[in-house]
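Asker: Input: one structure, supplied below.
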Amino acid sequence: MRKIMAFFLVAVLLCAVFLIPASAASQNAKVDIQYTNKAPKIDGKVTAGEYGEKFHSFKKDSDEFVTAHDDYKNWGYDFYVTWDMDSLYMAWVVNSDIHKVISKETDFTGDGKGGTDDDLRHMWQYSCVQFIVTPGAPDKSKKVYQTAGTIGDYLEVGLSLMEDGDSYKVWWSKPKDGQTLQANDWDFVGTRDNAKKTTTYEVRI
């Protein structure tokens, strides 16, 4: 566990650069993540001071991270992160009028068994959070997160708040030294506030 946590805590310093605008610096930025003596409560709510200072914000109507899959293009978020000697904690508060979720009945694989992990891994086409913890810094010249020596050697996780309010999590890739990791090895709670038009995702690794 100590080895795995060391991997996560060091790697997040590198992967967090994805939350920094590409135009902000000519090279990958090193960042400091605040240590906490009081672990955040993973309940789908971010309270004042729970994570220390807000780590990064992405404003609506920006093309900073808009991709070909983003048809809506009118959303924003606040990102929070902290750590202690046991875990890494992250939270996203997403501001969006639309919260489009994948149905648990969806049968993407066509095997007649809708709602399996293989089906729900398609959450990336809907409202969700997807993050990667990698031991290699992004290759800015190619604008991708993998480096030649670490392709496939990273943790890639998806978090989705389902139509019935369930907090659902999947993984797409696991690091070479973490093949025994399962989705239950990290905690996730999501909530949707339709009045405030916000969706909150909180996760503990």
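Ordering of the structure tokens sets the chain letters (A, B, ...), residue numbers begin anew at 1 in every chain, and ligands are numbered from 1 in the order given.
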Could you list, with a cut-off of 8 Å and counting only C-alpha atoms, the residues of stretch 38-114 of chain A near stretch 185-193 of chain A, each shown with its nearest atom pair and the distance in Å rounded to one decimal, rows sorted by chain and ascending number, as CSV?
Answerer:
```
residue,atom,partner,partner_atom,distance
A:Ile42,CA,A:Val189,CA,6.2
A:Asp43,CA,A:Val189,CA,5.6
A:Gly44,CA,A:Gly190,CA,4.8
A:Lys45,CA,A:Thr191,CA,7.5
```
Asker: Can I get the selection written as a PDB file, in the first residue's frame, with N, CA and C atoms?
Answerer:
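Output saved as selection27.pdb:
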```pdb
ATOM      1  N   ILE A  42     -16.280  12.374   2.108  1.00  0.00           N
ATOM      2  CA  ILE A  42     -16.703  12.032   0.755  1.00  0.00           C
ATOM      3  C   ILE A  42     -18.210  11.830   0.768  1.00  0.00           C
ATOM      4  N   ASP A  43     -18.936  12.931   0.527  1.00  0.00           N
ATOM      5  CA  ASP A  43     -20.393  12.903   0.605  1.00  0.00           C
ATOM      6  C   ASP A  43     -21.059  13.628  -0.559  1.00  0.00           C
ATOM      7  N   GLY A  44     -20.265  14.024  -1.566  1.00  0.00           N
ATOM      8  CA  GLY A  44     -20.842  14.731  -2.701  1.00  0.00           C
ATOM      9  C   GLY A  44     -21.114  16.190  -2.430  1.00  0.00           C
ATOM     10  N   LYS A  45     -20.510  16.731  -1.366  1.00  0.00           N
ATOM     11  CA  LYS A  45     -20.649  18.144  -1.028  1.00  0.00           C
ATOM     12  C   LYS A  45     -19.277  18.713  -0.709  1.00  0.00           C
TER      13      LYS A  45
END
```
Asker: Among stretch 69-132 of chain A, which ones does DSSP assign to alpha helix (DSSP H) (computed from the backbone)? Answer as an MDAnalysis selection string.
Answerer: chainID A and resid 117:120
Asker: Take the selection from the previous step and output its residues with C-alpha atoms, as a short mmCIF file (atom, residue, chain, number, x, y, z; two decimals), in the first residue's frame.
Answerer:
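This is the output file again_1.cif:
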```
data_model
loop_
_atom_site.label_atom_id
_atom_site.label_comp_id
_atom_site.auth_asym_id
_atom_site.auth_seq_id
_atom_site.Cartn_x
_atom_site.Cartn_y
_atom_site.Cartn_z
CA ASP A 117 -19.22 -2.41 -16.74
CA ASP A 118 -18.35 -2.76 -20.42
CA ASP A 119 -21.53 -0.86 -21.31
CA LEU A 120 -21.19 1.81 -18.63
#
```
Asker: Mind checking which residues fall within 10 Å of A:Gly158, counting only C-alpha atoms, ignoring those fewer than 4 positions away in the same chain, and posting them as an mmCIF file with C-alpha atoms, in the first residue's frame?
Answerer:
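The result, written out as out.cif:
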```
data_model
loop_
_atom_site.group_PDB
_atom_site.id
_atom_site.type_symbol
_atom_site.label_atom_id
_atom_site.label_comp_id
_atom_site.auth_asym_id
_atom_site.auth_seq_id
_atom_site.Cartn_x
_atom_site.Cartn_y
_atom_site.Cartn_z
ATOM 1 C CA LEU A 120 -21.192 1.815 -18.633
ATOM 2 C CA ARG A 121 -17.573 2.542 -19.593
ATOM 3 C CA HIS A 122 -19.185 4.548 -22.388
ATOM 4 C CA MET A 123 -20.090 7.175 -19.770
ATOM 5 C CA TRP A 124 -17.466 9.416 -21.396
ATOM 6 C CA CYS A 128 -19.119 12.403 -16.114
ATOM 7 C CA VAL A 129 -15.632 12.981 -14.768
ATOM 8 C CA GLN A 130 -12.675 11.097 -16.187
ATOM 9 C CA PHE A 131 -9.192 11.411 -14.699
ATOM 10 C CA ILE A 132 -5.794 9.838 -15.155
ATOM 11 C CA TYR A 168 -20.978 4.771 -10.427
ATOM 12 C CA LYS A 169 -17.255 4.260 -11.067
ATOM 13 C CA VAL A 170 -15.273 2.304 -13.637
ATOM 14 C CA TRP A 171 -11.663 2.007 -14.724
ATOM 15 C CA TRP A 172 -10.271 1.813 -18.247
ATOM 16 C CA ALA A 183 -13.125 0.022 -8.476
#
```
Asker: Between atom CA of A:Asp153 and atom CA of A:Gln125, what is the distance in Å, rounded to a tenth?
Answerer: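 Atom CA of A:Asp153 sits 23.6 Å away from atom CA of A:Gln125.
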Asker: Go through A:Gly52, A:Ile205, A:Thr199, A:Asp107 and flag the residue nearest A:Leu155, using only C-alpha atoms for the distances.
Answerer: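 Among A:Gly52, A:Ile205, A:Thr199, A:Asp107, it is A:Ile205 that comes nearest to A:Leu155.
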Asker: Would you kindly return, as number ranges by chain, each protein, DNA or RNA residue with an atom no farther than 7 Å from any atom of A:Ser96, considering only C-alpha atoms and excluding same-chain residues fewer than 3 positions away?
Answerer: A: 74-76, 99, 197-198
Asker: Let's have the selection written as a PDB file, in the first residue's frame, with N, CA and C atoms.
Answerer:
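The result, written out as result_31.pdb:
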```pdb
ATOM      1  N   ASN A  74     -21.045  24.729 -22.980  1.00  0.00           N
ATOM      2  CA  ASN A  74     -21.389  25.795 -22.050  1.00  0.00           C
ATOM      3  C   ASN A  74     -21.413  25.243 -20.639  1.00  0.00           C
ATOM      4  N   TRP A  75     -20.228  25.071 -20.077  1.00  0.00           N
ATOM      5  CA  TRP A  75     -20.108  24.506 -18.743  1.00  0.00           C
ATOM      6  C   TRP A  75     -18.811  24.997 -18.117  1.00  0.00           C
ATOM      7  N   GLY A  76     -18.685  24.798 -16.833  1.00  0.00           N
ATOM      8  CA  GLY A  76     -17.465  25.175 -16.125  1.00  0.00           C
ATOM      9  C   GLY A  76     -17.343  24.340 -14.873  1.00  0.00           C
ATOM     10  N   HIS A  99     -27.469  17.891 -17.327  1.00  0.00           N
ATOM     11  CA  HIS A  99     -26.817  16.729 -16.715  1.00  0.00           C
ATOM     12  C   HIS A  99     -27.348  15.504 -17.437  1.00  0.00           C
ATOM     13  N   LYS A 197     -28.004  23.985 -10.581  1.00  0.00           N
ATOM     14  CA  LYS A 197     -27.452  23.491 -11.845  1.00  0.00           C
ATOM     15  C   LYS A 197     -25.985  23.108 -11.691  1.00  0.00           C
ATOM     16  N   THR A 198     -25.696  22.391 -10.602  1.00  0.00           N
ATOM     17  CA  THR A 198     -24.328  21.934 -10.344  1.00  0.00           C
ATOM     18  C   THR A 198     -24.334  20.424 -10.079  1.00  0.00           C
TER      19      THR A 198
END
```
Asker: Between atom CA of A:His56 and atom CA of A:Asp166, what distance in Å does the model show, to one decimal?
Answerer: 26.6 Å
Asker: Choose the residue, out of A:Thr109, A:Thr47, A:Asn37, A:Ser127, that has the smallest atom-to-atom separation from A:Trp83; count only C-alpha atoms.
Answerer: A:Asn37
